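Data file: my_file_4.cif. Format and content: mmCIF, C-alpha atoms.
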data_coords
loop_
_atom_site.label_atom_id
_atom_site.label_comp_id
_atom_site.auth_asym_id
_atom_site.auth_seq_id
_atom_site.Cartn_x
_atom_site.Cartn_y
_atom_site.Cartn_z
CA MET A 62 -21.76 25.13 -2.77
CA SER A 63 -22.69 21.47 -2.32
CA ARG A 64 -20.26 19.04 -0.84
CA LEU A 65 -20.32 15.26 -0.86
CA THR A 66 -21.05 14.27 2.74
CA ASP A 67 -22.63 10.82 2.25
CA ARG A 68 -20.45 7.99 1.06
CA SER A 69 -21.04 4.25 0.74
CA LEU A 70 -18.93 1.12 0.46
CA SER A 71 -20.02 -2.35 -0.60
CA ILE A 72 -19.05 -5.17 1.75
CA PRO A 73 -16.96 -7.93 0.06
CA ASN A 74 -18.08 -11.57 0.29
CA GLY A 75 -16.94 -13.33 3.46
CA VAL A 76 -16.57 -10.08 5.44
CA GLU A 77 -18.73 -9.22 8.45
CA VAL A 78 -19.13 -5.63 9.65
CA GLN A 79 -20.46 -4.80 13.13
CA ILE A 80 -21.15 -1.19 14.05
CA THR A 81 -21.61 0.08 17.61
CA ASP A 82 -21.90 3.61 18.96
CA ILE A 83 -18.16 3.92 19.51
CA GLU A 84 -16.43 1.60 17.02
CA VAL A 85 -16.59 -0.44 13.82
CA GLN A 86 -15.46 -4.08 13.81
CA VAL A 87 -14.60 -5.89 10.58
CA LYS A 88 -14.10 -9.68 10.51
CA GLY A 89 -12.93 -11.73 7.55
CA PRO A 90 -11.10 -14.92 6.61
CA HIS A 91 -7.66 -13.47 7.48
CA GLY A 92 -8.50 -11.83 10.81
CA GLN A 93 -10.38 -8.99 12.41
CA LEU A 94 -9.85 -5.27 12.90
CA SER A 95 -11.64 -2.60 14.88
CA ARG A 96 -11.45 1.17 14.76
CA PRO A 97 -13.12 3.83 16.89
CA LEU A 98 -15.55 6.13 15.12
CA ALA A 99 -14.33 9.65 14.41
CA ASP A 100 -16.16 12.63 15.89
CA GLY A 101 -18.76 14.07 13.54
CA VAL A 102 -19.10 10.86 11.49
CA ALA A 103 -21.96 8.34 11.56
CA VAL A 104 -21.62 4.85 10.07
CA ASP A 105 -24.65 2.70 9.21
CA ARG A 106 -25.09 -0.68 7.58
CA ASN A 107 -27.69 -1.15 4.85
CA GLY A 108 -27.69 -4.81 3.77
CA THR A 109 -24.50 -5.31 1.77
CA GLU A 110 -23.39 -1.68 2.01
CA VAL A 111 -21.90 0.53 4.68
CA SER A 112 -22.79 4.21 4.49
CA ILE A 113 -20.66 6.93 6.05
CA ARG A 114 -22.22 10.34 6.59
CA THR A 115 -21.23 13.62 8.16
CA VAL A 116 -22.99 14.69 11.35
CA GLY A 117 -22.82 18.46 11.69
CA GLU A 118 -21.39 21.17 9.48
CA SER A 119 -17.85 21.52 10.80
CA ARG A 120 -14.89 21.34 8.48
CA GLN A 121 -13.29 18.66 10.69
CA ALA A 122 -16.39 16.46 10.43
CA ARG A 123 -16.43 16.70 6.62
CA ALA A 124 -12.72 15.87 6.47
CA MET A 125 -13.13 12.87 8.76
CA THR A 126 -15.96 11.49 6.59
CA GLY A 127 -13.56 10.83 3.72
CA THR A 128 -10.87 9.59 6.09
CA MET A 129 -13.28 7.16 7.73
CA GLN A 130 -14.37 5.88 4.31
CA ALA A 131 -10.74 5.20 3.32
CA LEU A 132 -9.99 3.51 6.65
CA LEU A 133 -13.06 1.25 6.38
CA ARG A 134 -12.22 0.36 2.77
CA ASN A 135 -8.67 -0.58 3.84
CA MET A 136 -9.97 -2.63 6.77
CA MET A 137 -12.37 -4.60 4.55
CA ALA A 138 -9.67 -5.19 1.93
CA GLY A 139 -7.14 -6.28 4.58
CA VAL A 140 -9.33 -8.92 6.22
CA SER A 141 -10.40 -10.35 2.85
CA THR A 142 -6.97 -10.22 1.13
CA LYS A 143 -3.90 -9.32 3.17
CA TRP A 144 -1.82 -6.19 2.54
CA GLU A 145 1.74 -6.79 1.39
CA LYS A 146 4.95 -4.76 1.07
CA ARG A 147 8.07 -6.11 -0.63
CA LEU A 148 11.61 -5.03 0.20
CA GLU A 149 14.86 -5.91 -1.51
CA LEU A 150 18.43 -5.82 -0.23
CA GLN A 151 21.15 -4.57 -2.53
CA GLY A 152 24.81 -4.81 -1.65
CA VAL A 153 27.56 -7.39 -1.45
CA GLY A 154 26.90 -9.69 1.52
CA TYR A 155 23.51 -8.15 2.31
CA ARG A 156 21.00 -10.88 3.15
CA ALA A 157 18.00 -11.67 5.30
CA GLN A 158 16.82 -14.85 6.96
CA LEU A 159 14.16 -15.88 9.43
CA GLN A 160 15.08 -17.53 12.71
CA GLY A 161 11.75 -18.52 14.22
CA LYS A 162 9.67 -15.33 14.00
CA GLN A 163 12.73 -13.08 14.21
CA LEU A 164 14.23 -11.51 11.08
CA VAL A 165 18.04 -11.50 11.04
CA LEU A 166 19.60 -9.02 8.62
CA GLN A 167 23.22 -8.87 7.44
CA LEU A 168 23.57 -5.26 6.30
CA GLY A 169 27.30 -4.64 6.15
CA PHE A 170 27.66 -3.87 9.84
CA SER A 171 30.04 -5.79 12.09
CA HIS A 172 27.04 -7.45 13.72
CA PRO A 173 23.72 -8.89 12.51
CA VAL A 174 20.62 -6.73 12.91
CA ASN A 175 17.71 -8.52 14.60
CA PHE A 176 14.13 -7.42 13.98
CA VAL A 177 11.14 -8.84 15.86
CA PRO A 178 7.84 -8.08 14.06
CA PRO A 179 4.82 -6.95 16.10
CA ALA A 180 1.75 -9.15 16.55
CA GLY A 181 -0.37 -9.45 13.41
CA ILE A 182 2.53 -9.09 10.99
CA GLU A 183 4.01 -11.96 9.00
CA ILE A 184 7.46 -11.74 7.45
CA ALA A 185 8.74 -14.08 4.73
CA THR A 186 12.06 -14.28 2.90
CA PRO A 187 11.50 -16.03 -0.46
CA THR A 188 15.14 -15.34 -1.41
CA PRO A 189 18.04 -14.16 0.77
CA THR A 190 17.77 -10.66 -0.75
CA GLU A 191 13.98 -10.26 -0.63
CA ILE A 192 11.66 -9.58 2.32
CA VAL A 193 7.86 -9.76 2.18
CA VAL A 194 5.89 -8.05 4.98
CA SER A 195 2.17 -8.92 5.11
CA GLY A 196 -0.78 -8.46 7.43
CA VAL A 197 -4.38 -7.27 7.66
CA ASP A 198 -3.68 -3.73 8.97
CA ARG A 199 -2.43 -1.55 6.11
CA GLN A 200 -0.91 1.09 8.39
CA LEU A 201 0.98 -1.48 10.46
CA VAL A 202 2.31 -3.29 7.37
CA GLY A 203 3.64 -0.02 5.97
CA GLN A 204 5.16 0.99 9.31
CA VAL A 205 6.97 -2.34 9.76
CA ALA A 206 8.31 -2.15 6.19
CA ALA A 207 9.53 1.40 6.89
CA ASP A 208 11.17 0.25 10.15
CA ILE A 209 13.05 -2.53 8.33
CA ARG A 210 14.10 -0.09 5.58
CA SER A 211 15.37 2.39 8.22
CA LYS A 212 17.95 -0.17 9.42
CA ARG A 213 19.99 0.63 6.28
CA PRO A 214 18.31 3.01 3.80
CA PRO A 215 19.73 3.05 0.27
CA GLU A 216 22.71 5.35 -0.08
CA PRO A 217 23.01 7.61 -3.16
CA TYR A 218 26.52 6.66 -4.36
CA LYS A 219 26.35 2.90 -4.88
CA GLY A 220 22.66 2.30 -4.12
CA LYS A 221 23.42 -0.21 -1.37
CA GLY A 222 20.82 -0.75 1.32
CA VAL A 223 17.25 -1.87 1.91
CA ARG A 224 14.70 -0.50 -0.55
CA TYR A 225 11.14 -1.14 -1.63
CA VAL A 226 10.76 -3.24 -4.76
CA GLY A 227 10.57 -0.82 -7.67
CA GLU A 228 11.85 2.16 -5.64
CA TYR A 229 14.01 4.58 -7.60
CA VAL A 230 17.14 5.77 -5.81
CA LYS A 231 18.63 8.90 -7.33
CA ARG A 232 22.35 8.28 -7.79
CA LYS A 233 25.09 10.83 -7.27
CA GLU A 234 28.40 11.00 -9.04
CA SER A 235 31.42 10.46 -6.80
CA LYS A 236 34.28 12.93 -6.44
CA LYS A 237 36.90 12.74 -9.14
#
Could I get this structure in the form of structure tokens?
Amino acid sequence: MSRLTDRSLSIPNGVEVQITDIEVQVKGPHGQLSRPLADGVAVDRNGTEVSIRTVGESRQARAMTGTMQALLRNMMAGVSTKWEKRLELQGVGYRAQLQGKQLVLQLGFSHPVNFVPPAGIEIATPTPTEIVVSGVDRQLVGQVAADIRSKRPPEPYKGKGVRYVGEYVKRKESKK
């Protein structure tokens, strides 16, 4: 049974990739990222391509080859064009605004909810009911968006809360 153990990615224009024995660094117009190499995976650069291959025959090494390919692809895409998640607030009086770098949310509580984004994350509020989270690290962008959503997840009866744009919230019928 043959398995695919060699994979390659083409490097986008304007992106530099540096590979050492322990990590891979990716630099682009929007920033730079680095990631340690996984055990059992070798990464080489061949001109305008990066090749990822499995070292050894272990199941873990083969699994990490595909994971490393996906992580490198996401790193190259993030430094060339930023990752973005959009959230929307639904509910009467629900709104968001930026005060400096801090996001202030009115979510129906008796107090405002303050959220300070981590380094490398940019938050914008094009309208009072829309939040845009962007950055070069795909995992961090998704985690920050999930943290903001967790402040008031959408409830199933009226659908009020913070949700991703396009997210479907299954509605329940109230007691009669």
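Distance annotation: of A:Val193, A:Arg199, A:Val76, A:Ile209, the residue with the minimal separation from A:Asn175 is A:Ile209; atom set is all atoms listed in the file.
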Fewer than 4 positions away in the same chain doesn't count, so skip those; otherwise give me all residues within 9 Å of A:Lys233, counting only C-alpha atoms, as a PyMOL selection string. chain A and resi 217-219
For the selection just defined, write its residues with C-alpha atoms to a file, as a PDB file, in the frame of the given file.
ATOM      1  CA  PRO A 217      23.010   7.610  -3.160  1.00  0.00           C
ATOM      2  CA  TYR A 218      26.520   6.660  -4.360  1.00  0.00           C
ATOM      3  CA  LYS A 219      26.350   2.900  -4.880  1.00  0.00           C
TER       4      LYS A 219
END
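Going from atom CA of A:Val153 to atom CA of A:Thr188 covers 14.7 Å.
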Please tell me which residues are no farther than 12 Å from (-18.2, 18.3, 8.3) in the file, counting only C-alpha atoms, and write them as an mmCIF file with C-alpha atoms, in the coordinates of the input.
data_model
loop_
_atom_site.group_PDB
_atom_site.id
_atom_site.type_symbol
_atom_site.label_atom_id
_atom_site.label_comp_id
_atom_site.auth_asym_id
_atom_site.auth_seq_id
_atom_site.Cartn_x
_atom_site.Cartn_y
_atom_site.Cartn_z
ATOM 1 C CA SER A 63 -22.690 21.470 -2.320
ATOM 2 C CA ARG A 64 -20.260 19.040 -0.840
ATOM 3 C CA LEU A 65 -20.320 15.260 -0.860
ATOM 4 C CA THR A 66 -21.050 14.270 2.740
ATOM 5 C CA ASP A 67 -22.630 10.820 2.250
ATOM 6 C CA ALA A 99 -14.330 9.650 14.410
ATOM 7 C CA ASP A 100 -16.160 12.630 15.890
ATOM 8 C CA GLY A 101 -18.760 14.070 13.540
ATOM 9 C CA VAL A 102 -19.100 10.860 11.490
ATOM 10 C CA ALA A 103 -21.960 8.340 11.560
ATOM 11 C CA ILE A 113 -20.660 6.930 6.050
ATOM 12 C CA ARG A 114 -22.220 10.340 6.590
ATOM 13 C CA THR A 115 -21.230 13.620 8.160
ATOM 14 C CA VAL A 116 -22.990 14.690 11.350
ATOM 15 C CA GLY A 117 -22.820 18.460 11.690
ATOM 16 C CA GLU A 118 -21.390 21.170 9.480
ATOM 17 C CA SER A 119 -17.850 21.520 10.800
ATOM 18 C CA ARG A 120 -14.890 21.340 8.480
ATOM 19 C CA GLN A 121 -13.290 18.660 10.690
ATOM 20 C CA ALA A 122 -16.390 16.460 10.430
ATOM 21 C CA ARG A 123 -16.430 16.700 6.620
ATOM 22 C CA ALA A 124 -12.720 15.870 6.470
ATOM 23 C CA MET A 125 -13.130 12.870 8.760
ATOM 24 C CA THR A 126 -15.960 11.490 6.590
ATOM 25 C CA GLY A 127 -13.560 10.830 3.720
ATOM 26 C CA THR A 128 -10.870 9.590 6.090
#
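Straight-line separation from atom CA of A:Val194 to atom CA of A:Asn74: 24.7 Å.
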Evaluated on this file, the PyMOL selection byres ((chain A and resi 182) around 8) picks out some residues - which ones are they, written as a PDB file with C-alpha atoms, in the coordinates of the input?
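The resulting file, selection03.pdb, is reproduced below:
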ATOM      1  CA  PRO A 178       7.840  -8.080  14.060  1.00  0.00           C
ATOM      2  CA  PRO A 179       4.820  -6.950  16.100  1.00  0.00           C
ATOM      3  CA  ALA A 180       1.750  -9.150  16.550  1.00  0.00           C
ATOM      4  CA  GLY A 181      -0.370  -9.450  13.410  1.00  0.00           C
ATOM      5  CA  GLU A 183       4.010 -11.960   9.000  1.00  0.00           C
ATOM      6  CA  ILE A 184       7.460 -11.740   7.450  1.00  0.00           C
ATOM      7  CA  VAL A 194       5.890  -8.050   4.980  1.00  0.00           C
ATOM      8  CA  SER A 195       2.170  -8.920   5.110  1.00  0.00           C
ATOM      9  CA  GLY A 196      -0.780  -8.460   7.430  1.00  0.00           C
ATOM     10  CA  VAL A 197      -4.380  -7.270   7.660  1.00  0.00           C
ATOM     11  CA  LEU A 201       0.980  -1.480  10.460  1.00  0.00           C
ATOM     12  CA  VAL A 202       2.310  -3.290   7.370  1.00  0.00           C
TER      13      VAL A 202
END
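Each of A:Leu164, A:Ser69, A:Gly75, A:Glu234 was checked against A:Ile192 using only C-alpha atoms; the smallest atom-to-atom distance is that of A:Leu164.
Closest approach to A:Val177 among A:Ile72, A:Ala157, A:Leu150, A:Val205: A:Val205, based on all atoms listed in the file.
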Hey, what's within 8 Å of stretch 168-172 of chain A if we count only C-alpha atoms and toss same-chain stuff fewer than 5 positions away? As a count of residues only, please? 5
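Note that the spacing between atom CA of A:Val104 and atom CA of A:Arg68 amounts to 9.6 Å.
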The PyMOL selection byres ((chain A and resi 82) around 10) on the file shown: which residues, as a PyMOL selection string? chain A and resi 80-81+83-85+97-98+103-104
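Of the residues listed (A:Met136, A:Val174, A:Val165, A:Ala207), A:Met136 shows the shortest atom-to-atom separation from A:Lys88; distances use all atoms listed in the file.
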Taking the file above as input, evaluate the PyMOL selection byres ((chain A and resi 77) around 12) and report the hits as JSON, numbers by chain. {"A": [71, 72, 73, 74, 75, 76, 78, 79, 80, 85, 86, 87, 88, 89, 90, 91, 92, 93, 94, 95, 106, 108, 109, 110, 111, 136, 137, 138, 140, 141]}
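Checking A:Tyr225, A:Thr186, A:Arg96, A:Gly220 one by one against A:Asp208, counting all atoms listed in the file, you find the shortest gap at A:Tyr225.
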For stretch 123-202 of chain A of the block above, can you save C-alpha atoms as a CSV table (one decimal), in the first residue's frame?
chain,number,residue,atom,x,y,z
A,123,ARG,CA,3.1,10.4,8.3
A,124,ALA,CA,0.2,12.3,10.1
A,125,MET,CA,2.5,15.2,11.0
A,126,THR,CA,3.6,15.5,7.3
A,127,GLY,CA,0.1,16.6,6.2
A,128,THR,CA,-0.4,18.8,9.3
A,129,MET,CA,2.9,20.5,8.7
A,130,GLN,CA,1.9,21.1,5.0
A,131,ALA,CA,-1.4,22.7,6.1
A,132,LEU,CA,0.4,24.9,8.8
A,133,LEU,CA,2.9,26.1,6.3
A,134,ARG,CA,0.2,26.9,3.7
A,135,ASN,CA,-1.7,28.9,6.3
A,136,MET,CA,1.5,30.7,7.4
A,137,MET,CA,2.3,31.7,3.8
A,138,ALA,CA,-1.3,32.8,3.1
A,139,GLY,CA,-1.4,34.8,6.4
A,140,VAL,CA,1.7,36.9,5.8
A,141,SER,CA,0.7,37.6,2.2
A,142,THR,CA,-3.0,38.3,2.8
A,143,LYS,CA,-4.3,38.5,6.3
A,144,TRP,CA,-6.8,36.1,7.8
A,145,GLU,CA,-10.2,37.5,8.7
A,146,LYS,CA,-13.2,36.5,10.8
A,147,ARG,CA,-16.4,38.5,10.9
A,148,LEU,CA,-18.8,38.5,13.8
A,149,GLU,CA,-22.2,40.2,14.1
A,150,LEU,CA,-24.2,41.2,17.1
A,151,GLN,CA,-28.0,40.6,17.2
A,152,GLY,CA,-30.2,41.9,19.9
A,153,VAL,CA,-31.8,45.2,21.0
A,154,GLY,CA,-29.1,47.5,22.4
A,155,TYR,CA,-26.2,45.1,21.4
A,156,ARG,CA,-23.3,47.1,20.0
A,157,ALA,CA,-19.5,47.2,19.8
A,158,GLN,CA,-17.1,50.0,19.7
A,159,LEU,CA,-13.3,50.5,19.9
A,160,GLN,CA,-11.7,52.6,22.6
A,161,GLY,CA,-8.1,52.8,21.6
A,162,LYS,CA,-7.2,49.1,21.1
A,163,GLN,CA,-9.8,47.8,23.5
A,164,LEU,CA,-13.1,46.5,22.3
A,165,VAL,CA,-16.1,47.6,24.4
A,166,LEU,CA,-19.2,45.4,24.0
A,167,GLN,CA,-22.7,46.2,25.1
A,168,LEU,CA,-24.3,42.7,25.3
A,169,GLY,CA,-27.4,43.2,27.5
A,170,PHE,CA,-25.6,42.9,30.8
A,171,SER,CA,-25.7,45.6,33.4
A,172,HIS,CA,-22.1,46.5,32.6
A,173,PRO,CA,-20.0,46.8,29.4
A,174,VAL,CA,-17.8,43.9,28.5
A,175,ASN,CA,-14.2,45.0,27.8
A,176,PHE,CA,-12.0,42.8,25.5
A,177,VAL,CA,-8.3,43.5,24.9
A,178,PRO,CA,-6.9,41.7,21.8
A,179,PRO,CA,-3.6,39.9,22.0
A,180,ALA,CA,-0.5,41.2,20.1
A,181,GLY,CA,-0.8,40.6,16.4
A,182,ILE,CA,-4.5,40.8,16.2
A,183,GLU,CA,-6.4,43.8,14.8
A,184,ILE,CA,-10.1,44.4,15.5
A,185,ALA,CA,-12.3,46.8,13.5
A,186,THR,CA,-16.0,47.8,13.9
A,187,PRO,CA,-17.3,49.0,10.5
A,188,THR,CA,-20.8,49.2,12.0
A,189,PRO,CA,-21.9,49.1,15.7
A,190,THR,CA,-23.2,45.6,15.2
A,191,GLU,CA,-20.3,44.1,13.2
A,192,ILE,CA,-16.8,43.1,14.4
A,193,VAL,CA,-13.9,42.2,12.1
A,194,VAL,CA,-11.0,40.3,13.6
A,195,SER,CA,-7.9,40.0,11.4
A,196,GLY,CA,-4.3,39.0,11.7
A,197,VAL,CA,-1.5,36.8,10.1
A,198,ASP,CA,-1.9,33.8,12.4
A,199,ARG,CA,-5.0,31.8,11.4
A,200,GLN,CA,-5.2,29.9,14.7
A,201,LEU,CA,-5.0,33.1,16.8
A,202,VAL,CA,-7.6,34.9,14.6
